[in-house]
Amino acid sequence: MSIEAREARQPWILLAPALSAIFLLLIVPLLFIVVYSFWLRSAVGADTPGFFLDNWKAALTDRFYRDILLNTLKIAAITTVACALLGYPAAYFIARSKGNKMILLIMLMLPFWISYIIRTMSWINILGVSGALNSALIWAGIISEPIQMLYNETTVILGLTHFLLPFMVLNIFVSLDGIDTSLEDAATSLGATRWQAFLQVTLPLSLPGLAAGGLLCFVLGAGTYITPVILGGPRDAMFANLVFEAIIRQLNWPLGSALSLLLLMVLGVLVAIYNRYLGMAQLAKGLG
Amino acid sequence: MGRRVNLGWGAIRLYTILVYIFMFLPIAVVVLLSFNANQFGSFPMTGLSTRWFETLWQNETIMRAFRTSIVLGLMTAIISTTLGVLASLALVRYNVPGRNLITTLLIAPILVPEVVLAVALLLFLNFLQIGKSFTLLLMGHVIFTLPFVILVVQARLVSIKRDVEEAALSLGASPRQTFLTITLPLLMPAVAAGGLFAFTISFDDITGTLFWKPGGIETVPTQIFSMLRNSISPEINALGTVIIVMTVGLPLLGMAIARRMNKTSGG
């Protein structure tokens with residue numbers, strides 16, 4: 001074999017293990033559940049292979065599923081907006097501060113490393129009936145009986161925001177940090193106020209980071225399973241909880257496949273729109 | 001004008017401090033309550049005590065979950081880092097045709113919601129007669145840690161200059177010698193960072209794990225999850241504190257090591 005041919009083959013040898021893992025453990029399984037979603041669950045024994053539309057009909061027309069899907073998207077959207085509102089000023093402060101940026105950034109990223117379930121349950125210590133907030137209010141004499149603040153949609157959004165905020169901050173920071181500050185100075189020296197300079201120069205240039213952070217928050221938020229179970233009430237189920245119910249509890253795998261794929265398609269449309277306009281490179285930048 | 005700028009900056013600073021408080025307060029309360037002497041583990045605190053850590057240490061179920069999580073995390077880290085470093089080398093060092101498509105494929109597990117990934121893998125491997133088992137758990141963890149490893153390792157690899165290797169080659173070293181004595185040592189911080197990242201993500205994972213774990217096997221997060229069913233106990237806060245120390249301490253340690261190695265190796 002010539003040296004050129006060997007040189008050309010080398011990267012594929014290096015890529016082969018990772019690509020086959022993705023292929024066998026992600027792509028093929030996804031294609032498999034597409035097929036599986038058309039099978040039919042049997043009351044006893046193995047599921048019936050075939051081409052039945054029953055699961056898809058249920059997933060797409062049942063009001064129960066539709067309401068929970070819409071509710072899931074709503075919760076993800078509110079969470080994303082909350083993350084942007086909390087994260088943008090913080091990222092801006094970190095990017096423009098004269099102190100040690102890296103320390104500030106690492107500090108805000110630390111919770112990202114802390115176990116998701118610990119961070120989620122930590123809110124019970126704060127908002128629970130015998131939690132910090134109730135104790136403080138009773139101590140201050142504002143209330144005499146503890147209030148139940150937990151187990152509703154607001155606490156689900158709160159928990160999700162706490163979980164996803166670092167993703168948002170990091171992505172915005174990466175794009176703000178790449179903007180030359182002299183651009184803003186140039187704008188102000190030409191007569192713009194600081195605020196105008198920010199709105200017309202910095203903000204538009206940082207939008208790719210905001211979009212990448214927003215996409216991550218939305219996709220991760222909409223796919224969440226644990227937060228509604230721990231911080232939500234019985235009526236705050238999100239779509240992933242439905243999938244879990246179908247697959248693990250009811251063992252209705254064909255229906256569970258259809259529901260999973262529905263979630264994947266809805267979020268996939270968002271990812272595709274994002275990819276069309278901004279490309280995956282921005283996302284890779286913010287994650288690495 | 002200058003006054004207004006300072007005022008605006010001051011407001012942003014205050015806002016940022018509040019955001020930091022929002023992020024850290026619940027975590028600080030977990031740590032605080034884990035040292036609570038009060039037997040219900042709630043406020044008001046009656047004193048400081050380490051009794052919850054002692055009960056934790058004696059709780060065989062939790063200790064077993066710890067061992068499972070650590071073994072799973074280490075195996076995930078080894079496999080994921082090996083695959084990730086090889087793929088990153090190919091992407092950074094060679095002109096691979098279809099580079100963007102390959103990158104998108106490799107980071108796809110991040111973009112697929114974890115529940116969907118969990119369902120797909122569970123059903124497919126079950127079809128192949130591999131039921132819920134440690135093997136399934138391991139494969140699942142490898143697949144969703146891989147993209148993170150690749151992103152971290154790639155970012156580090158870009159900073160290693162090719163010139164050093166070319167110098168070695170031109171001075172008569174064989175490609176094999178060059179790789180072992182030049183590239184690999186320079187690569188070590190990236191390998192360490194990737195491995196640590198994979199370990200932490202695997203150690204923390206709960207959603208996929210709940211789908212994949214066989215009955216009787218618990219990892220630390222699923223153990224906490226099943227303990228939470230009743231109510232939050234001081235023991236959970238103590239366990240939380242241990243994990244916080246581990247998950248914050250390990251990456252910081254890793255970063256410090258990576259930095260030191262970077263300095264000594266002149267990268």
# chains A, B, ... in the order shown; residues from 1 in each chain; ligands from 1
$ residues_around --residues "Ile22 (chain A)" --least-positions-apart "5" --cutoff "7 Å" --atoms "only C-alpha atoms" --output "list in words"
Ile27 of chain A; Leu106 and Ile143 of chain B
$ atom_distance --atom1 "CA of Glu153 (chain A)" --atom2 "CA of Thr227 (chain A)"
10.4 Å
$ select_by_dssp --residues "region 15-177 of chain B" --states "alpha helix (DSSP H)" --output "count of residues only"
125
$ atom_distance --atom1 "CA of Gln154 (chain B)" --atom2 "CA of Ile94 (chain A)"
24.7 Å
$ closest_residue --among "A:Ala21, A:Ala16, A:Ala59, A:Ile124" --to "Leu259 (chain A)" --atoms "only C-alpha atoms"
A:Ala59
$ residues_around --residues "Pro29 (chain A)" --least-positions-apart "5" --cutoff "6 Å" --atoms "only C-alpha atoms" --output "list in words"
Ala120, Leu121 and Phe124 of chain B
$ closest_residue --among "A:Pro204, A:Gly99, A:Gly221, A:Gly232" --to "Ile172 (chain A)" --atoms "only C-alpha atoms"
A:Pro204
$ residues_around --residues "Glu60 (chain B)" --least-positions-apart "6" --cutoff "12 Å" --atoms "only C-alpha atoms" --output "list in words"
Glu54, Phe66, Arg67, Glu218 and Gln223 of chain B
$ write_last_selection --atoms "all heavy atoms" --output "short mmCIF file (atom, residue, chain, number, x, y, z; two decimals), in the first residue's frame"
data_model
loop_
_atom_site.label_atom_id
_atom_site.label_comp_id
_atom_site.auth_asym_id
_atom_site.auth_seq_id
_atom_site.Cartn_x
_atom_site.Cartn_y
_atom_site.Cartn_z
N GLU B 54 -21.73 9.18 60.47
CA GLU B 54 -21.48 7.86 61.05
C GLU B 54 -22.54 6.86 60.61
O GLU B 54 -22.23 5.74 60.20
CB GLU B 54 -21.41 7.94 62.58
CG GLU B 54 -20.11 8.54 63.07
CD GLU B 54 -20.24 9.17 64.45
OE1 GLU B 54 -21.05 8.68 65.25
OE2 GLU B 54 -19.53 10.17 64.70
N PHE B 66 -22.27 3.10 46.55
CA PHE B 66 -21.03 3.85 46.30
C PHE B 66 -20.05 3.02 45.48
O PHE B 66 -19.49 3.49 44.49
CB PHE B 66 -20.36 4.25 47.63
CG PHE B 66 -20.37 5.72 47.85
CD1 PHE B 66 -21.25 6.30 48.76
CD2 PHE B 66 -19.52 6.54 47.13
CE1 PHE B 66 -21.27 7.67 48.95
CE2 PHE B 66 -19.53 7.91 47.31
CZ PHE B 66 -20.42 8.48 48.23
N ARG B 67 -19.89 1.76 45.92
CA ARG B 67 -18.94 0.89 45.20
C ARG B 67 -19.41 0.70 43.75
O ARG B 67 -18.61 0.79 42.82
CB ARG B 67 -18.80 -0.45 45.92
CG ARG B 67 -17.95 -0.35 47.18
CD ARG B 67 -17.59 -1.74 47.71
NE ARG B 67 -18.74 -2.44 48.25
CZ ARG B 67 -19.15 -2.35 49.52
NH1 ARG B 67 -18.48 -1.60 50.38
NH2 ARG B 67 -20.20 -3.01 49.95
N GLU B 218 -28.14 -0.65 42.73
CA GLU B 218 -28.40 0.78 42.89
C GLU B 218 -27.09 1.55 42.73
O GLU B 218 -26.06 1.12 43.24
CB GLU B 218 -28.98 1.08 44.28
CG GLU B 218 -30.29 0.39 44.60
CD GLU B 218 -31.50 1.01 43.92
OE1 GLU B 218 -31.37 2.11 43.33
OE2 GLU B 218 -32.58 0.40 43.97
N GLN B 223 -30.03 5.43 44.54
CA GLN B 223 -30.23 5.15 45.95
C GLN B 223 -30.83 6.38 46.65
O GLN B 223 -31.80 6.26 47.40
CB GLN B 223 -28.89 4.75 46.59
CG GLN B 223 -28.97 4.43 48.07
CD GLN B 223 -29.88 3.25 48.36
OE1 GLN B 223 -29.96 2.32 47.57
NE2 GLN B 223 -30.60 3.31 49.48
#
$ closest_residue --among "B:Gly240, B:Met188, B:Thr82, B:Leu89" --to "Pro17 (chain A)" --atoms "only C-alpha atoms"
B:Thr82
$ closest_residue --among "A:Arg235, A:Ser144, A:Leu263, A:Val201" --to "Asp180 (chain A)" --atoms "only C-alpha atoms"
A:Val201
$ atom_distance --atom1 "CA of Gly84 (chain B)" --atom2 "CA of Pro147 (chain B)"
7.7 Å
$ residues_around --residues "region 11-20 of chain B" --least-positions-apart "3" --cutoff "7 Å" --atoms "only C-alpha atoms" --output "list in words"
Leu86, Pro89, Ala90, Phe93 and Leu108 of chain A; Leu7, Gly8, Met23 and Phe24 of chain B
$ residues_around --residues "Ala192 (chain B)" --least-positions-apart "4" --cutoff "10 Å" --atoms "only C-alpha atoms" --output "PyMOL selection string"
chain B and resi 77+81+153+187-188+196-198+254-255+257-258
$ residues_around --residues "Ala8 (chain A)" --least-positions-apart "4" --cutoff "9 Å" --atoms "only C-alpha atoms" --output "MDAnalysis selection string"
(chainID A and resid 3:4 12) or (chainID B and resid 94:96)
$ write_last_selection --atoms "N, CA, C and O atoms" --output "PDB file, in the first residue's frame"
ATOM      1  N   ILE A   3       2.175   5.108   0.699  1.00  0.00           N
ATOM      2  CA  ILE A   3       2.156   5.894   1.937  1.00  0.00           C
ATOM      3  C   ILE A   3       0.911   6.782   1.994  1.00  0.00           C
ATOM      4  O   ILE A   3       0.275   6.912   3.037  1.00  0.00           O
ATOM      5  N   GLU A   4       0.552   7.347   0.815  1.00  0.00           N
ATOM      6  CA  GLU A   4      -0.619   8.241   0.786  1.00  0.00           C
ATOM      7  C   GLU A   4      -1.878   7.495   1.199  1.00  0.00           C
ATOM      8  O   GLU A   4      -2.685   7.986   1.973  1.00  0.00           O
ATOM      9  N   TRP A  12      -9.524   7.130   9.718  1.00  0.00           N
ATOM     10  CA  TRP A  12     -10.710   6.270   9.812  1.00  0.00           C
ATOM     11  C   TRP A  12     -10.504   5.152  10.803  1.00  0.00           C
ATOM     12  O   TRP A  12     -11.447   4.734  11.478  1.00  0.00           O
TER      13      TRP A  12
ATOM     14  N   TYR B  94      -6.024  15.203  11.246  1.00  0.00           N
ATOM     15  CA  TYR B  94      -6.121  14.823   9.838  1.00  0.00           C
ATOM     16  C   TYR B  94      -7.202  15.634   9.156  1.00  0.00           C
ATOM     17  O   TYR B  94      -8.104  16.144   9.801  1.00  0.00           O
ATOM     18  N   ASN B  95      -7.077  15.734   7.860  1.00  0.00           N
ATOM     19  CA  ASN B  95      -8.119  16.365   7.079  1.00  0.00           C
ATOM     20  C   ASN B  95      -9.138  15.307   6.699  1.00  0.00           C
ATOM     21  O   ASN B  95      -9.043  14.679   5.663  1.00  0.00           O
ATOM     22  N   VAL B  96     -10.079  15.088   7.594  1.00  0.00           N
ATOM     23  CA  VAL B  96     -11.047  14.040   7.325  1.00  0.00           C
ATOM     24  C   VAL B  96     -12.168  14.609   6.458  1.00  0.00           C
ATOM     25  O   VAL B  96     -12.708  15.655   6.773  1.00  0.00           O
TER      26      VAL B  96
END
